Amino acid sequence: MIEAKPVVRKWTPTMRQAEILRSNKPTLVWLWNLTAREMVPFAGQWVAARDCRIIAAAPTQAELAPLIANLDRATVIVHRIENRWMIR
């Protein structure tokens, strides 16, 4: 069996993409640093976060999509909170 090797290409974001990445970074870091206690209400859920707060949650991405359909997706981070987490 022949295994295909993935093609990895350098990505250079446009100025707009770079600005979006910079503006969303605080929210991404905030999500990464939620405590177990803060994650409990959202365990097993897909969440949408913006400006360091969760703005919508649903069991599936399909159910979350209509809740954030009217928002600028460039300013919303969609993330799944797993059922397991580290106790800090």
# chains A, B, ... in the order shown; residues from 1 in each chain; ligands from 1
$ residues_around --residues "region 38-54 of chain A" --least-positions-apart "3" --cutoff "6 Å" --atoms "only C-alpha atoms" --output "list in words"
Thr27, Trp30, Leu34, Thr35, Ala57, Ala58, Pro59, Thr60, Val76, Ile77, Val78, His79, Arg80, Ile81, Glu82 and Asn83 of chain A
$ select_by_dssp --residues "chain A" --states "strand (DSSP E)" --output "PyMOL selection string"
chain A and resi 46-50+53-58+77-80
$ select_by_dssp --residues "chain A" --states "helix (DSSP H, G or I)" --output "number ranges by chain"
A: 15-32, 36-42, 61-67, 73-75
$ write_last_selection --atoms "N, CA and C atoms" --output "compact mmCIF listing (two decimals), in the first residue's frame"
# COMPACT_ATOMS: atom_id res chain seq x y z
N MET A 15 -3.28 41.12 4.52
CA MET A 15 -3.31 42.09 5.62
C MET A 15 -4.61 41.98 6.40
N ARG A 16 -5.74 41.77 5.70
CA ARG A 16 -7.03 41.64 6.38
C ARG A 16 -7.07 40.38 7.24
N GLN A 17 -6.59 39.27 6.70
CA GLN A 17 -6.56 38.03 7.46
C GLN A 17 -5.67 38.16 8.70
N ALA A 18 -4.53 38.82 8.54
CA ALA A 18 -3.63 39.02 9.67
C ALA A 18 -4.29 39.86 10.76
N GLU A 19 -5.03 40.89 10.35
CA GLU A 19 -5.73 41.74 11.33
C GLU A 19 -6.82 40.95 12.04
N ILE A 20 -7.55 40.11 11.32
CA ILE A 20 -8.58 39.27 11.93
C ILE A 20 -7.95 38.31 12.93
N LEU A 21 -6.85 37.69 12.56
CA LEU A 21 -6.16 36.78 13.48
C LEU A 21 -5.72 37.51 14.75
N ARG A 22 -5.16 38.70 14.58
CA ARG A 22 -4.72 39.49 15.74
C ARG A 22 -5.90 39.88 16.63
N SER A 23 -6.99 40.29 16.02
CA SER A 23 -8.13 40.75 16.81
C SER A 23 -8.83 39.61 17.54
N ASN A 24 -8.77 38.39 17.00
CA ASN A 24 -9.42 37.25 17.63
C ASN A 24 -8.54 36.52 18.65
N LYS A 25 -7.26 36.83 18.66
CA LYS A 25 -6.35 36.10 19.54
C LYS A 25 -6.73 36.18 21.02
N PRO A 26 -7.12 37.33 21.57
CA PRO A 26 -7.49 37.35 22.99
C PRO A 26 -8.64 36.38 23.31
N THR A 27 -9.61 36.28 22.42
CA THR A 27 -10.73 35.36 22.65
C THR A 27 -10.26 33.92 22.56
N LEU A 28 -9.40 33.62 21.62
CA LEU A 28 -8.86 32.27 21.50
C LEU A 28 -8.08 31.87 22.74
N VAL A 29 -7.24 32.75 23.23
CA VAL A 29 -6.47 32.49 24.46
C VAL A 29 -7.42 32.33 25.64
N TRP A 30 -8.44 33.17 25.71
CA TRP A 30 -9.44 33.07 26.78
C TRP A 30 -10.11 31.70 26.77
N LEU A 31 -10.50 31.21 25.57
CA LEU A 31 -11.11 29.88 25.47
C LEU A 31 -10.16 28.79 25.93
N TRP A 32 -8.90 28.88 25.52
CA TRP A 32 -7.91 27.88 25.90
C TRP A 32 -7.70 27.84 27.41
N ALA A 36 -12.02 24.28 34.44
CA ALA A 36 -12.98 23.17 34.37
C ALA A 36 -14.36 23.63 34.83
N ARG A 37 -14.41 24.41 35.87
CA ARG A 37 -15.69 24.91 36.39
C ARG A 37 -16.42 25.75 35.34
N GLU A 38 -15.66 26.55 34.59
CA GLU A 38 -16.26 27.40 33.56
C GLU A 38 -16.73 26.58 32.35
N MET A 39 -16.08 25.43 32.12
CA MET A 39 -16.44 24.60 30.97
C MET A 39 -17.63 23.68 31.23
N VAL A 40 -17.90 23.36 32.48
CA VAL A 40 -18.94 22.39 32.80
C VAL A 40 -20.27 22.66 32.09
N PRO A 41 -20.80 23.88 32.09
CA PRO A 41 -22.10 24.11 31.44
C PRO A 41 -22.09 23.85 29.93
N PHE A 42 -20.91 23.83 29.32
CA PHE A 42 -20.80 23.69 27.88
C PHE A 42 -20.16 22.36 27.46
N GLN A 61 -22.59 21.38 15.35
CA GLN A 61 -22.28 22.55 14.53
C GLN A 61 -23.49 22.97 13.71
N ALA A 62 -24.25 21.99 13.23
CA ALA A 62 -25.43 22.30 12.43
C ALA A 62 -26.45 23.10 13.23
N GLU A 63 -26.58 22.81 14.52
CA GLU A 63 -27.52 23.55 15.36
C GLU A 63 -26.96 24.92 15.77
N LEU A 64 -25.63 25.03 15.82
CA LEU A 64 -25.01 26.31 16.18
C LEU A 64 -25.08 27.30 15.02
N ALA A 65 -24.95 26.79 13.80
CA ALA A 65 -24.87 27.66 12.62
C ALA A 65 -26.00 28.69 12.53
N PRO A 66 -27.28 28.31 12.69
CA PRO A 66 -28.32 29.34 12.58
C PRO A 66 -28.27 30.38 13.71
N LEU A 67 -27.68 30.00 14.84
CA LEU A 67 -27.61 30.94 15.97
C LEU A 67 -26.61 32.07 15.72
N ARG A 73 -18.69 36.17 10.57
CA ARG A 73 -17.97 34.96 10.99
C ARG A 73 -16.49 35.21 11.22
N ALA A 74 -15.95 36.27 10.65
CA ALA A 74 -14.53 36.57 10.87
C ALA A 74 -14.27 37.00 12.31
N THR A 75 -15.32 37.41 13.02
CA THR A 75 -15.14 37.88 14.40
C THR A 75 -15.61 36.86 15.44
$ atom_distance --atom1 "CA of Ala69 (chain A)" --atom2 "CA of Pro13 (chain A)"
24.5 Å
